[in-house]
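**Student:** CSV, N, CA and C atoms, saved as upload_2.csv, coming up:
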chain,number,residue,atom,x,y,z
V,1152,MET,N,-9.1,-7.6,4.1
V,1152,MET,CA,-8.5,-7.1,2.9
V,1152,MET,C,-7.3,-6.1,3.3
V,1153,LEU,N,-6.1,-6.3,2.8
V,1153,LEU,CA,-5.0,-5.5,3.1
V,1153,LEU,C,-5.0,-4.3,2.2
V,1154,VAL,N,-4.9,-3.1,2.8
V,1154,VAL,CA,-4.8,-1.9,2.0
V,1154,VAL,C,-3.4,-1.4,2.1
V,1155,ILE,N,-2.8,-1.1,0.9
V,1155,ILE,CA,-1.4,-0.7,0.9
V,1155,ILE,C,-1.4,0.8,0.5
V,1156,GLU,N,-0.7,1.6,1.3
V,1156,GLU,CA,-0.6,3.0,0.9
V,1156,GLU,C,0.2,3.2,-0.3
V,1157,PRO,N,-0.2,4.1,-1.2
V,1157,PRO,CA,0.6,4.3,-2.4
V,1157,PRO,C,2.0,4.8,-2.1
V,1158,VAL,N,3.0,4.3,-2.8
V,1158,VAL,CA,4.4,4.7,-2.5
V,1158,VAL,C,4.8,5.9,-3.3
V,1159,PRO,N,5.5,6.9,-2.7
V,1159,PRO,CA,5.9,8.1,-3.4
V,1159,PRO,C,7.2,8.0,-4.1
V,1160,ALA,N,7.3,7.0,-5.0
V,1160,ALA,CA,8.6,6.6,-5.6
V,1160,ALA,C,9.1,7.6,-6.7
V,1161,VAL,N,8.2,8.4,-7.3
V,1161,VAL,CA,8.5,9.3,-8.4
V,1161,VAL,C,8.0,10.7,-8.2
V,1162,ILE,N,8.5,11.6,-9.0
V,1162,ILE,CA,8.0,13.0,-9.1
V,1162,ILE,C,7.2,13.0,-10.4
V,1163,TRP,N,6.1,13.8,-10.4
V,1163,TRP,CA,5.3,13.9,-11.6
V,1163,TRP,C,5.5,15.3,-12.1
V,1164,SER,N,5.9,15.4,-13.4
V,1164,SER,CA,6.0,16.8,-14.0
V,1164,SER,C,4.7,17.4,-14.0
V,1165,GLN,N,4.7,18.8,-14.2
V,1165,GLN,CA,3.4,19.5,-14.3
V,1165,GLN,C,2.6,19.0,-15.5
V,1166,GLU,N,3.3,18.8,-16.6
V,1166,GLU,CA,2.6,18.3,-17.8
V,1166,GLU,C,1.9,17.0,-17.6
V,1167,ALA,N,2.7,16.1,-16.9
V,1167,ALA,CA,2.1,14.7,-16.6
V,1167,ALA,C,0.9,14.9,-15.7
V,1168,ARG,N,1.0,15.8,-14.7
V,1168,ARG,CA,-0.2,16.0,-13.8
V,1168,ARG,C,-1.4,16.5,-14.5
V,1169,GLN,N,-1.2,17.3,-15.5
V,1169,GLN,CA,-2.3,17.8,-16.3
V,1169,GLN,C,-2.8,16.9,-17.3
V,1170,GLU,N,-2.0,16.2,-18.1
V,1170,GLU,CA,-2.4,15.4,-19.2
V,1170,GLU,C,-2.8,14.0,-18.9
V,1171,LEU,N,-2.1,13.3,-18.0
V,1171,LEU,CA,-2.4,11.9,-17.7
V,1171,LEU,C,-3.8,11.6,-17.2
V,1172,PRO,N,-4.4,12.4,-16.3
V,1172,PRO,CA,-5.8,12.1,-15.9
V,1172,PRO,C,-6.7,12.1,-17.1
V,1173,VAL,N,-6.5,12.9,-18.1
V,1173,VAL,CA,-7.4,13.0,-19.3
V,1173,VAL,C,-7.1,11.8,-20.2
V,1174,ARG,N,-5.8,11.4,-20.4
V,1174,ARG,CA,-5.4,10.3,-21.2
V,1174,ARG,C,-5.7,9.0,-20.6
V,1175,ALA,N,-5.8,8.9,-19.3
V,1175,ALA,CA,-6.0,7.6,-18.7
V,1175,ALA,C,-7.3,6.9,-19.1
V,1176,SER,N,-8.4,7.6,-19.3
V,1176,SER,CA,-9.6,7.0,-19.8
V,1176,SER,C,-10.0,5.7,-19.0
V,1177,LYS,N,-9.8,5.7,-17.7
V,1177,LYS,CA,-10.1,4.6,-16.8
V,1177,LYS,C,-9.1,3.5,-16.8
V,1178,ARG,N,-8.1,3.7,-17.7
V,1178,ARG,CA,-7.0,2.7,-17.7
V,1178,ARG,C,-6.0,2.9,-16.5
V,1179,ARG,N,-5.2,1.9,-16.2
V,1179,ARG,CA,-4.3,2.1,-15.1
V,1179,ARG,C,-2.9,2.1,-15.7
V,1180,LEU,N,-2.1,3.0,-15.1
V,1180,LEU,CA,-0.7,3.2,-15.6
V,1180,LEU,C,0.2,2.3,-14.8
V,1181,VAL,N,1.1,1.6,-15.5
V,1181,VAL,CA,2.0,0.6,-14.9
V,1181,VAL,C,3.4,1.0,-15.2
V,1182,LEU,N,4.3,1.1,-14.2
V,1182,LEU,CA,5.7,1.4,-14.4
V,1182,LEU,C,6.5,0.1,-14.1
V,1183,ASP,N,7.2,-0.4,-15.1
V,1183,ASP,CA,7.8,-1.7,-15.1
V,1183,ASP,C,9.2,-1.6,-15.7
V,1184,TYR,N,9.9,-2.7,-15.7
V,1184,TYR,CA,11.2,-2.7,-16.3
V,1184,TYR,C,11.5,-4.1,-17.0
V,1185,PHE,N,12.5,-4.0,-17.9
V,1185,PHE,CA,13.0,-5.2,-18.5
V,1185,PHE,C,14.5,-5.2,-18.2
V,1186,ALA,N,15.1,-6.4,-18.0
V,1186,ALA,CA,16.5,-6.5,-17.7
V,1186,ALA,C,17.0,-7.9,-18.2
V,1187,ALA,N,18.2,-7.9,-18.8
V,1187,ALA,CA,18.7,-9.2,-19.3
V,1187,ALA,C,20.2,-9.1,-19.4
V,1188,ARG,N,20.8,-10.3,-19.3
V,1188,ARG,CA,22.3,-10.4,-19.5
V,1188,ARG,C,22.4,-10.8,-21.0
V,1189,CYS,N,23.4,-10.2,-21.6
V,1189,CYS,CA,23.7,-10.4,-23.1
V,1189,CYS,C,24.7,-11.5,-23.3
V,1190,CYS,N,24.3,-12.3,-24.2
V,1190,CYS,CA,25.3,-13.3,-24.8
V,1190,CYS,C,26.1,-14.1,-23.8
V,1191,GLY,N,25.6,-14.3,-22.6
V,1191,GLY,CA,26.2,-15.1,-21.6
V,1191,GLY,C,27.4,-14.4,-21.0
V,1192,ARG,N,27.5,-13.1,-21.2
V,1192,ARG,CA,28.7,-12.3,-20.6
V,1192,ARG,C,28.2,-11.5,-19.5
V,1193,ASN,N,29.1,-10.7,-18.9
V,1193,ASN,CA,28.8,-9.8,-17.8
V,1193,ASN,C,28.3,-8.5,-18.4
V,1194,VAL,N,27.5,-8.5,-19.4
V,1194,VAL,CA,26.9,-7.2,-19.9
V,1194,VAL,C,25.4,-7.3,-19.7
V,1195,SER,N,24.9,-6.3,-19.2
V,1195,SER,CA,23.4,-6.2,-18.9
V,1195,SER,C,22.8,-5.1,-19.7
V,1196,ILE,N,21.5,-5.4,-20.1
V,1196,ILE,CA,20.8,-4.3,-20.8
V,1196,ILE,C,19.4,-4.2,-20.0
V,1197,GLY,N,18.8,-3.1,-20.1
V,1197,GLY,CA,17.5,-2.9,-19.4
V,1197,GLY,C,16.8,-1.7,-19.9
V,1198,ASP,N,15.5,-1.6,-19.5
V,1198,ASP,CA,14.7,-0.5,-19.9
V,1198,ASP,C,13.6,-0.3,-18.9
V,1199,LEU,N,13.4,1.0,-18.6
V,1199,LEU,CA,12.2,1.3,-17.8
V,1199,LEU,C,11.1,1.6,-18.8
V,1200,HIS,N,9.9,1.2,-18.5
V,1200,HIS,CA,8.8,1.6,-19.4
V,1200,HIS,C,7.5,1.7,-18.7
V,1201,ILE,N,6.6,2.5,-19.3
V,1201,ILE,CA,5.3,2.8,-18.8
V,1201,ILE,C,4.3,2.2,-19.8
V,1202,ARG,N,3.3,1.5,-19.3
V,1202,ARG,CA,2.3,1.0,-20.2
V,1202,ARG,C,0.9,1.2,-19.5
V,1203,TRP,N,-0.1,1.1,-20.3
V,1203,TRP,CA,-1.5,1.2,-19.8
V,1203,TRP,C,-2.1,-0.1,-19.7
V,1204,LEU,N,-2.9,-0.4,-18.7
V,1204,LEU,CA,-3.7,-1.6,-18.5
V,1204,LEU,C,-5.1,-1.3,-18.5
V,1205,ALA,N,-5.9,-2.1,-19.2
V,1205,ALA,CA,-7.4,-1.9,-19.2
V,1205,ALA,C,-7.9,-2.1,-17.7
V,1206,PRO,N,-9.0,-1.5,-17.4
V,1206,PRO,CA,-9.5,-1.6,-16.0
V,1206,PRO,C,-9.8,-3.1,-15.6
V,1207,VAL,N,-10.1,-4.0,-16.6
V,1207,VAL,CA,-10.4,-5.3,-16.3
V,1207,VAL,C,-9.2,-6.2,-16.1
V,1208,GLU,N,-8.0,-5.8,-16.6
V,1208,GLU,CA,-6.8,-6.6,-16.5
V,1208,GLU,C,-6.3,-6.6,-15.0
V,1209,PRO,N,-6.0,-7.8,-14.5
V,1209,PRO,CA,-5.5,-7.9,-13.1
V,1209,PRO,C,-4.1,-7.3,-13.0
V,1210,ILE,N,-3.8,-6.7,-11.8
V,1210,ILE,CA,-2.5,-6.2,-11.4
V,1210,ILE,C,-1.8,-7.3,-10.6
V,1211,ALA,N,-0.6,-7.7,-11.1
V,1211,ALA,CA,0.1,-8.8,-10.4
V,1211,ALA,C,0.6,-8.4,-9.0
V,1212,ASP,N,0.8,-9.3,-8.2
V,1212,ASP,CA,1.2,-9.0,-6.8
V,1212,ASP,C,2.5,-8.3,-6.7
V,1213,GLU,N,3.4,-8.4,-7.7
V,1213,GLU,CA,4.7,-7.8,-7.7
V,1213,GLU,C,4.6,-6.2,-7.9
V,1214,PHE,N,3.4,-5.7,-8.1
V,1214,PHE,CA,3.2,-4.3,-8.3
V,1214,PHE,C,2.6,-3.6,-7.1
V,1215,LEU,N,3.1,-2.5,-6.7
V,1215,LEU,CA,2.6,-1.7,-5.6
V,1215,LEU,C,1.8,-0.5,-6.1
V,1216,PRO,N,0.8,0.0,-5.4
V,1216,PRO,CA,0.2,1.3,-5.8
V,1216,PRO,C,1.2,2.4,-5.7
V,1217,LEU,N,1.2,3.3,-6.7
V,1217,LEU,CA,2.1,4.4,-6.8
V,1217,LEU,C,1.4,5.7,-6.6
V,1218,ARG,N,1.9,6.5,-5.8
V,1218,ARG,CA,1.2,7.8,-5.6
V,1218,ARG,C,1.2,8.6,-6.9
V,1219,ALA,N,0.0,9.0,-7.3
V,1219,ALA,CA,-0.1,9.6,-8.6
V,1219,ALA,C,-1.1,10.8,-8.5
V,1220,PRO,N,-1.1,11.6,-9.6
V,1220,PRO,CA,-2.1,12.7,-9.6
V,1220,PRO,C,-3.5,12.2,-9.5
V,1221,THR,N,-4.4,13.0,-9.0
V,1221,THR,CA,-5.8,12.7,-9.0
V,1221,THR,C,-6.3,12.3,-10.4
V,1222,GLY,N,-7.0,11.2,-10.5
V,1222,GLY,CA,-7.6,10.7,-11.7
V,1222,GLY,C,-6.7,9.7,-12.4
V,1223,VAL,N,-5.6,9.4,-11.8
V,1223,VAL,CA,-4.7,8.4,-12.4
V,1223,VAL,C,-4.4,7.3,-11.4
V,1224,ASP,N,-4.8,6.0,-11.8
V,1224,ASP,CA,-4.4,4.9,-10.9
V,1224,ASP,C,-3.1,4.4,-11.5
V,1225,ALA,N,-2.1,4.3,-10.7
V,1225,ALA,CA,-0.7,4.0,-11.1
V,1225,ALA,C,-0.2,2.9,-10.2
V,1226,PHE,N,0.7,2.0,-10.8
V,1226,PHE,CA,1.3,1.0,-10.1
V,1226,PHE,C,2.8,0.9,-10.5
V,1227,VAL,N,3.7,0.4,-9.6
V,1227,VAL,CA,5.1,0.3,-9.9
V,1227,VAL,C,5.6,-1.1,-9.4
V,1228,GLN,N,6.5,-1.6,-10.2
V,1228,GLN,CA,7.0,-2.9,-9.9
V,1228,GLN,C,7.9,-2.7,-8.6
V,1229,ARG,N,7.7,-3.6,-7.6
V,1229,ARG,CA,8.2,-3.4,-6.3
V,1229,ARG,C,9.7,-3.3,-6.3
V,1230,ASP,N,10.5,-4.0,-7.2
V,1230,ASP,CA,11.9,-3.9,-7.2
V,1230,ASP,C,12.4,-2.5,-7.6
V,1231,LEU,N,11.6,-1.7,-8.3
V,1231,LEU,CA,12.0,-0.4,-8.8
V,1231,LEU,C,11.9,0.7,-7.7
V,1232,VAL,N,11.1,0.5,-6.7
V,1232,VAL,CA,10.9,1.6,-5.7
V,1232,VAL,C,12.2,2.2,-5.2
V,1233,PRO,N,13.1,1.4,-4.6
V,1233,PRO,CA,14.3,2.0,-4.1
V,1233,PRO,C,15.1,2.7,-5.1
V,1234,VAL,N,15.2,2.1,-6.3
V,1234,VAL,CA,16.0,2.7,-7.4
V,1234,VAL,C,15.4,4.1,-7.8
V,1235,LEU,N,14.1,4.1,-8.0
V,1235,LEU,CA,13.4,5.4,-8.4
V,1235,LEU,C,13.6,6.4,-7.4
V,1236,GLU,N,13.4,6.1,-6.1
V,1236,GLU,CA,13.6,7.0,-5.0
V,1236,GLU,C,15.0,7.6,-5.0
V,1237,ALA,N,16.0,6.7,-5.1
V,1237,ALA,CA,17.4,7.1,-4.9
V,1237,ALA,C,17.9,7.9,-6.2
V,1238,ALA,N,17.4,7.5,-7.4
V,1238,ALA,CA,17.8,8.1,-8.6
V,1238,ALA,C,16.9,9.3,-9.0
V,1239,ARG,N,16.0,9.7,-8.1
V,1239,ARG,CA,15.1,10.8,-8.3
V,1239,ARG,C,14.3,10.6,-9.6
V,1240,GLY,N,13.6,9.5,-9.7
V,1240,GLY,CA,12.7,9.2,-10.9
V,1240,GLY,C,11.7,10.2,-11.1
V,1241,ARG,N,11.4,10.5,-12.3
V,1241,ARG,CA,10.4,11.6,-12.7
V,1241,ARG,C,9.6,11.1,-13.9
V,1242,ILE,N,8.3,11.3,-13.8
V,1242,ILE,CA,7.4,11.0,-14.9
V,1242,ILE,C,7.2,12.3,-15.7
V,1243,ALA,N,7.5,12.3,-16.9
V,1243,ALA,CA,7.4,13.5,-17.8
V,1243,ALA,C,6.6,13.1,-19.1
V,1244,MET,N,6.2,14.1,-19.8
V,1244,MET,CA,5.5,13.9,-21.1
V,1244,MET,C,6.5,14.2,-22.2
V,1245,ARG,N,6.6,13.4,-23.2
V,1245,ARG,CA,7.4,13.6,-24.4
V,1245,ARG,C,6.7,13.3,-25.7
V,1246,GLY,N,7.1,13.9,-26.8
V,1246,GLY,CA,6.5,13.7,-28.1
V,1246,GLY,C,5.5,14.7,-28.4
V,1247,TRP,N,4.9,14.6,-29.6
V,1247,TRP,CA,3.9,15.6,-30.1
V,1247,TRP,C,2.6,14.9,-30.6
V,1248,GLY,N,1.5,15.6,-30.4
V,1248,GLY,CA,0.2,15.2,-30.9
V,1248,GLY,C,-0.1,13.7,-30.4
V,1249,PRO,N,-0.5,12.9,-31.4
V,1249,PRO,CA,-0.9,11.5,-31.0
V,1249,PRO,C,0.3,10.7,-30.5
V,1250,PHE,N,1.5,11.1,-30.7
V,1250,PHE,CA,2.7,10.4,-30.3
V,1250,PHE,C,3.1,10.8,-28.9
V,1251,ARG,N,2.4,11.8,-28.3
V,1251,ARG,CA,2.8,12.2,-26.9
V,1251,ARG,C,2.5,11.1,-25.9
V,1252,ARG,N,3.5,10.9,-25.0
V,1252,ARG,CA,3.3,9.8,-24.1
V,1252,ARG,C,4.1,10.1,-22.8
V,1253,PRO,N,3.8,9.3,-21.7
V,1253,PRO,CA,4.5,9.5,-20.5
V,1253,PRO,C,5.8,8.7,-20.6
V,1254,VAL,N,6.9,9.2,-20.0
V,1254,VAL,CA,8.2,8.6,-20.0
V,1254,VAL,C,8.8,8.7,-18.6
V,1255,VAL,N,9.7,7.8,-18.3
V,1255,VAL,CA,10.4,7.8,-17.0
V,1255,VAL,C,11.8,8.4,-17.2
V,1256,GLU,N,12.1,9.4,-16.4
V,1256,GLU,CA,13.5,10.0,-16.5
V,1256,GLU,C,14.1,9.8,-15.1
V,1257,LEU,N,15.4,9.6,-15.1
V,1257,LEU,CA,16.2,9.5,-13.9
V,1257,LEU,C,17.3,10.5,-13.8
V,1258,ALA,N,17.4,11.2,-12.7
V,1258,ALA,CA,18.4,12.2,-12.5
V,1258,ALA,C,19.8,11.6,-12.4
V,1259,ASP,N,19.8,10.3,-11.9
V,1259,ASP,CA,21.1,9.6,-11.7
V,1259,ASP,C,21.0,8.3,-12.5
V,1260,GLY,N,21.5,8.3,-13.7
V,1260,GLY,CA,21.4,7.1,-14.6
V,1260,GLY,C,22.4,6.0,-14.1
V,1261,GLY,N,23.4,6.4,-13.4
V,1261,GLY,CA,24.3,5.4,-12.9
V,1261,GLY,C,23.7,4.4,-11.9
V,1262,MET,N,22.7,4.9,-11.2
V,1262,MET,CA,22.0,4.0,-10.2
V,1262,MET,C,21.2,2.9,-11.0
V,1263,TRP,N,20.6,3.4,-12.2
V,1263,TRP,CA,19.9,2.4,-13.0
V,1263,TRP,C,20.8,1.3,-13.6
V,1264,LEU,N,22.0,1.8,-14.0
V,1264,LEU,CA,23.0,0.8,-14.5
V,1264,LEU,C,23.4,-0.2,-13.4
V,1265,ASP,N,23.6,0.3,-12.2
V,1265,ASP,CA,24.0,-0.6,-11.1
V,1265,ASP,C,22.8,-1.6,-10.8
V,1266,PHE,N,21.6,-1.1,-10.9
V,1266,PHE,CA,20.4,-1.9,-10.7
V,1266,PHE,C,20.3,-3.1,-11.7
V,1267,ILE,N,20.4,-2.7,-13.0
V,1267,ILE,CA,20.2,-3.8,-14.0
V,1267,ILE,C,21.3,-4.8,-14.0
V,1268,ALA,N,22.5,-4.3,-13.6
V,1268,ALA,CA,23.7,-5.2,-13.5
V,1268,ALA,C,23.5,-6.3,-12.4
V,1269,ALA,N,22.8,-5.9,-11.3
V,1269,ALA,CA,22.6,-6.7,-10.2
V,1269,ALA,C,21.3,-7.5,-10.1
V,1270,CYS,N,20.3,-7.1,-10.9
V,1270,CYS,CA,19.0,-7.6,-10.8
V,1270,CYS,C,18.7,-8.9,-11.6
V,1271,ARG,N,17.7,-9.5,-11.2
V,1271,ARG,CA,17.3,-10.8,-11.9
V,1271,ARG,C,16.8,-10.4,-13.3
V,1272,THR,N,16.9,-11.4,-14.3
V,1272,THR,CA,16.4,-11.2,-15.6
V,1272,THR,C,14.9,-11.1,-15.6
V,1273,ARG,N,14.4,-10.1,-16.4
V,1273,ARG,CA,12.9,-10.0,-16.6
V,1273,ARG,C,12.7,-9.8,-18.1
V,1274,SER,N,11.8,-10.6,-18.6
V,1274,SER,CA,11.5,-10.6,-20.0
V,1274,SER,C,10.4,-9.6,-20.3
V,1275,PRO,N,10.6,-8.9,-21.4
V,1275,PRO,CA,9.5,-7.9,-21.9
V,1275,PRO,C,8.3,-8.7,-22.4
V,1276,LEU,N,8.4,-9.9,-22.7
V,1276,LEU,CA,7.3,-10.7,-23.2
V,1276,LEU,C,6.4,-11.4,-22.1
V,1277,ARG,N,6.9,-11.4,-20.9
V,1277,ARG,CA,6.2,-12.1,-19.8
V,1277,ARG,C,5.0,-11.3,-19.3
V,1278,HIS,N,4.8,-10.1,-19.6
V,1278,HIS,CA,3.8,-9.2,-19.0
V,1278,HIS,C,2.6,-9.3,-19.9
Would you encode the structure as structure tokens?

**Tutor:**
Amino acid sequence: MLVIEPVPAVIWSQEARQELPVRASKRRLVLDYFAARCCGRNVSIGDLHIRWLAPVEPIADEFLPLRAPTGVDAFVQRDLVPVLEAARGRIAMRGWGPFRRPVVELADGGMWLDFIAACRTRSPLRH
């Protein structure tokens, strides 16, 4: 069995380090993205997103273990690793009460725009 070391692709805010282990409830956190070309033109749109997976749901081969706070099992889509590292990706907490959730922030948004302009199309419905 191949064991892969978790990648240190993001920084975790103090709030995320404190709140996510409690919110995880044995679920796994997945950092993924959506990218598409619009209207057959040279315009791209995309989004970084975080979602939770139940413990019984399989993790696709395109995801790598992500270094995370103790108590959180996290995975990142492999294409995102160099972008997150170069753009200084950060997991933070936003919202209030039941709407509080983890989000991905980038210190250099230009790197994200370059990435989605050059990357393959990924559907938000395929996951």

**Student:** In terms of the shortest atom-to-atom distance over all atoms listed in the file, which of V:Ala1243, V:Val1173, V:Leu1257, V:Val1227 is closest to Val1158 (chain V)?

**Tutor:** V:Val1227

**Student:** Please identify all polymer residues lying at most 6 Å from the point (1.9, 2.0, -10.0) (file coordinates), using all atoms listed in the file, and present the result as a short mmCIF file (atom, residue, chain, number, x, y, z; two decimals) with N, CA and C atoms, in the coordinates of the input.

**Tutor:**
data_model
loop_
_atom_site.label_atom_id
_atom_site.label_comp_id
_atom_site.auth_asym_id
_atom_site.auth_seq_id
_atom_site.Cartn_x
_atom_site.Cartn_y
_atom_site.Cartn_z
N LEU V 1180 -2.10 3.00 -15.10
CA LEU V 1180 -0.70 3.20 -15.60
C LEU V 1180 0.20 2.30 -14.80
N VAL V 1181 1.10 1.60 -15.50
CA VAL V 1181 2.00 0.60 -14.90
C VAL V 1181 3.40 1.00 -15.20
N LEU V 1182 4.30 1.10 -14.20
CA LEU V 1182 5.70 1.40 -14.40
C LEU V 1182 6.50 0.10 -14.10
N LEU V 1215 3.10 -2.50 -6.70
CA LEU V 1215 2.60 -1.70 -5.60
C LEU V 1215 1.80 -0.50 -6.10
N PRO V 1216 0.80 0.00 -5.40
CA PRO V 1216 0.20 1.30 -5.80
C PRO V 1216 1.20 2.40 -5.70
N LEU V 1217 1.20 3.30 -6.70
CA LEU V 1217 2.10 4.40 -6.80
C LEU V 1217 1.40 5.70 -6.60
N ASP V 1224 -4.80 6.00 -11.80
CA ASP V 1224 -4.40 4.90 -10.90
C ASP V 1224 -3.10 4.40 -11.50
N ALA V 1225 -2.10 4.30 -10.70
CA ALA V 1225 -0.70 4.00 -11.10
C ALA V 1225 -0.20 2.90 -10.20
N PHE V 1226 0.70 2.00 -10.80
CA PHE V 1226 1.30 1.00 -10.10
C PHE V 1226 2.80 0.90 -10.50
N VAL V 1227 3.70 0.40 -9.60
CA VAL V 1227 5.10 0.30 -9.90
C VAL V 1227 5.60 -1.10 -9.40
N GLN V 1228 6.50 -1.60 -10.20
CA GLN V 1228 7.00 -2.90 -9.90
C GLN V 1228 7.90 -2.70 -8.60
#

**Student:** Quick one: of V:Arg1229, V:Arg1179, V:Arg1168, V:Arg1218, who's nearest to Ile1201 (chain V), counting only C-alpha atoms?

**Tutor:**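 Among V:Arg1229, V:Arg1179, V:Arg1168, V:Arg1218, it is V:Arg1179 that comes nearest to Ile1201 (chain V).
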
**Student:** Expressed in Å to a single decimal, how great is the separation between CA of Gly1260 (chain V) and CA of Cys1189 (chain V)?

**Tutor:**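 The value is 19.6 Å.
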
**Student:** So which residues of chain V fall under strand (DSSP E or B) by DSSP, listed as a PyMOL selection string?

**Tutor:** chain V and resi 1158+1162-1163+1179-1188+1195-1204+1214-1217+1224-1228+1240-1245+1252-1257+1273

**Student:** Set out as CSV a contact list for region 1154-1209 of chain V and region 1250-1253 of chain V with a cut-off of 8 Å, giving each residue of region 1154-1209 of chain V that qualifies its closest atom pair and distance in Å to one decimal, counting all atoms listed in the file, ordered by chain and rising residue number.

**Tutor:**
residue,atom,partner,partner_atom,distance
V:Ala1167,CA,V:Pro1253,CA,6.9
V:Leu1171,CA,V:Pro1253,N,7.8
V:His1200,C,V:Pro1253,C,7.4
V:Ile1201,CA,V:Pro1253,C,6.2
V:Arg1202,N,V:Pro1253,C,7.7

**Student:** Can I get the selection written as a JSON list (two decimals), in the frame of the given file, with N, CA and C atoms?

**Tutor:**
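See out03.json below for the written result:
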[["chain", "number", "residue", "atom", "x", "y", "z"],
["V", 1167, "ALA", "N", 2.70, 16.10, -16.90],
["V", 1167, "ALA", "CA", 2.10, 14.70, -16.60],
["V", 1167, "ALA", "C", 0.90, 14.90, -15.70],
["V", 1171, "LEU", "N", -2.10, 13.30, -18.00],
["V", 1171, "LEU", "CA", -2.40, 11.90, -17.70],
["V", 1171, "LEU", "C", -3.80, 11.60, -17.20],
["V", 1200, "HIS", "N", 9.90, 1.20, -18.50],
["V", 1200, "HIS", "CA", 8.80, 1.60, -19.40],
["V", 1200, "HIS", "C", 7.50, 1.70, -18.70],
["V", 1201, "ILE", "N", 6.60, 2.50, -19.30],
["V", 1201, "ILE", "CA", 5.30, 2.80, -18.80],
["V", 1201, "ILE", "C", 4.30, 2.20, -19.80],
["V", 1202, "ARG", "N", 3.30, 1.50, -19.30],
["V", 1202, "ARG", "CA", 2.30, 1.00, -20.20],
["V", 1202, "ARG", "C", 0.90, 1.20, -19.50]]

**Student:** Need the shell around Pro1233 (chain V): protein/DNA/RNA residues with any atom at most 10 Å away, counting only C-alpha atoms. Skip same-chain ones fewer than 4 positions apart. Format as a PyMOL selection string?

**Tutor:** chain V and resi 1160+1229+1237-1239+1266

**Student:** Could you jot down the atom N of Asp1259 (chain V) to atom N of Arg1241 (chain V) separation for me, Å, one decimal place?

**Tutor:**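 Result for atom N of Asp1259 (chain V) versus atom N of Arg1241 (chain V): 8.4 Å, one decimal.
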
**Student:** Quick one: pull the distance between atom C of Ser1176 (chain V) and CA of Glu1236 (chain V), Å, one decimal.

**Tutor:**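 Between these atoms lies a distance of 27.5 Å.
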
**Student:** Run DSSP on the backbone and grab whatever in chain V lands in alpha helix (DSSP H); send it over as a list in words.

**Tutor:** Gln1165, Glu1166, Ala1167, Arg1168, Gln1169, Glu1170, Leu1171, Pro1172, Val1173, Arg1174, Ala1175, Leu1231, Val1232, Pro1233, Val1234, Leu1235, Glu1236, Ala1237, Gly1260, Gly1261, Met1262, Trp1263, Leu1264, Asp1265, Phe1266, Ile1267, Ala1268 and Ala1269 of chain V

**Student:** For Ile1267 (chain V), which of V:Arg1178, V:Gln1169, V:Arg1188, V:Pro1159 is the closest residue, counting only N, CA and C atoms?

**Tutor:** V:Arg1188

**Student:** Just checking: using only N, CA and C atoms, which residue out of V:Val1161, V:Ile1196, V:Trp1203, V:Glu1256 ends up closest to Val1232 (chain V)?

**Tutor:**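 Closest candidate: V:Val1161.
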
**Student:** So which residues touch Thr1221 (chain V) within 6 Å, counting all atoms listed in the file, skipping near sequence neighbours fewer than 2 positions away, as an MDAnalysis selection string?

**Tutor:** chainID V and resid 1172 1219 1223

**Student:** How would region 1220-1228 of chain V read, as a PDB file, keeping the file's coordinate frame, once N, CA, C and O atoms are built in?

**Tutor:**
ATOM      1  N   PRO V1220      -1.100  11.600  -9.600  1.00  0.00           N
ATOM      2  CA  PRO V1220      -2.100  12.700  -9.600  1.00  0.00           C
ATOM      3  C   PRO V1220      -3.500  12.200  -9.500  1.00  0.00           C
ATOM      4  O   PRO V1220      -3.832  11.062  -9.966  1.00  0.00           O
ATOM      5  N   THR V1221      -4.400  13.000  -9.000  1.00  0.00           N
ATOM      6  CA  THR V1221      -5.800  12.700  -9.000  1.00  0.00           C
ATOM      7  C   THR V1221      -6.300  12.300 -10.400  1.00  0.00           C
ATOM      8  O   THR V1221      -6.050  12.990 -11.330  1.00  0.00           O
ATOM      9  N   GLY V1222      -7.000  11.200 -10.500  1.00  0.00           N
ATOM     10  CA  GLY V1222      -7.600  10.700 -11.700  1.00  0.00           C
ATOM     11  C   GLY V1222      -6.700   9.700 -12.400  1.00  0.00           C
ATOM     12  O   GLY V1222      -7.056   9.228 -13.508  1.00  0.00           O
ATOM     13  N   VAL V1223      -5.600   9.400 -11.800  1.00  0.00           N
ATOM     14  CA  VAL V1223      -4.700   8.400 -12.400  1.00  0.00           C
ATOM     15  C   VAL V1223      -4.400   7.300 -11.400  1.00  0.00           C
ATOM     16  O   VAL V1223      -3.988   7.522 -10.285  1.00  0.00           O
ATOM     17  N   ASP V1224      -4.800   6.000 -11.800  1.00  0.00           N
ATOM     18  CA  ASP V1224      -4.400   4.900 -10.900  1.00  0.00           C
ATOM     19  C   ASP V1224      -3.100   4.400 -11.500  1.00  0.00           C
ATOM     20  O   ASP V1224      -3.018   3.985 -12.662  1.00  0.00           O
ATOM     21  N   ALA V1225      -2.100   4.300 -10.700  1.00  0.00           N
ATOM     22  CA  ALA V1225      -0.700   4.000 -11.100  1.00  0.00           C
ATOM     23  C   ALA V1225      -0.200   2.900 -10.200  1.00  0.00           C
ATOM     24  O   ALA V1225      -0.461   2.837  -8.992  1.00  0.00           O
ATOM     25  N   PHE V1226       0.700   2.000 -10.800  1.00  0.00           N
ATOM     26  CA  PHE V1226       1.300   1.000 -10.100  1.00  0.00           C
ATOM     27  C   PHE V1226       2.800   0.900 -10.500  1.00  0.00           C
ATOM     28  O   PHE V1226       3.141   1.250 -11.631  1.00  0.00           O
ATOM     29  N   VAL V1227       3.700   0.400  -9.600  1.00  0.00           N
ATOM     30  CA  VAL V1227       5.100   0.300  -9.900  1.00  0.00           C
ATOM     31  C   VAL V1227       5.600  -1.100  -9.400  1.00  0.00           C
ATOM     32  O   VAL V1227       5.132  -1.599  -8.425  1.00  0.00           O
ATOM     33  N   GLN V1228       6.500  -1.600 -10.200  1.00  0.00           N
ATOM     34  CA  GLN V1228       7.000  -2.900  -9.900  1.00  0.00           C
ATOM     35  C   GLN V1228       7.900  -2.700  -8.600  1.00  0.00           C
ATOM     36  O   GLN V1228       8.671  -1.831  -8.561  1.00  0.00           O
TER      37      GLN V1228
END
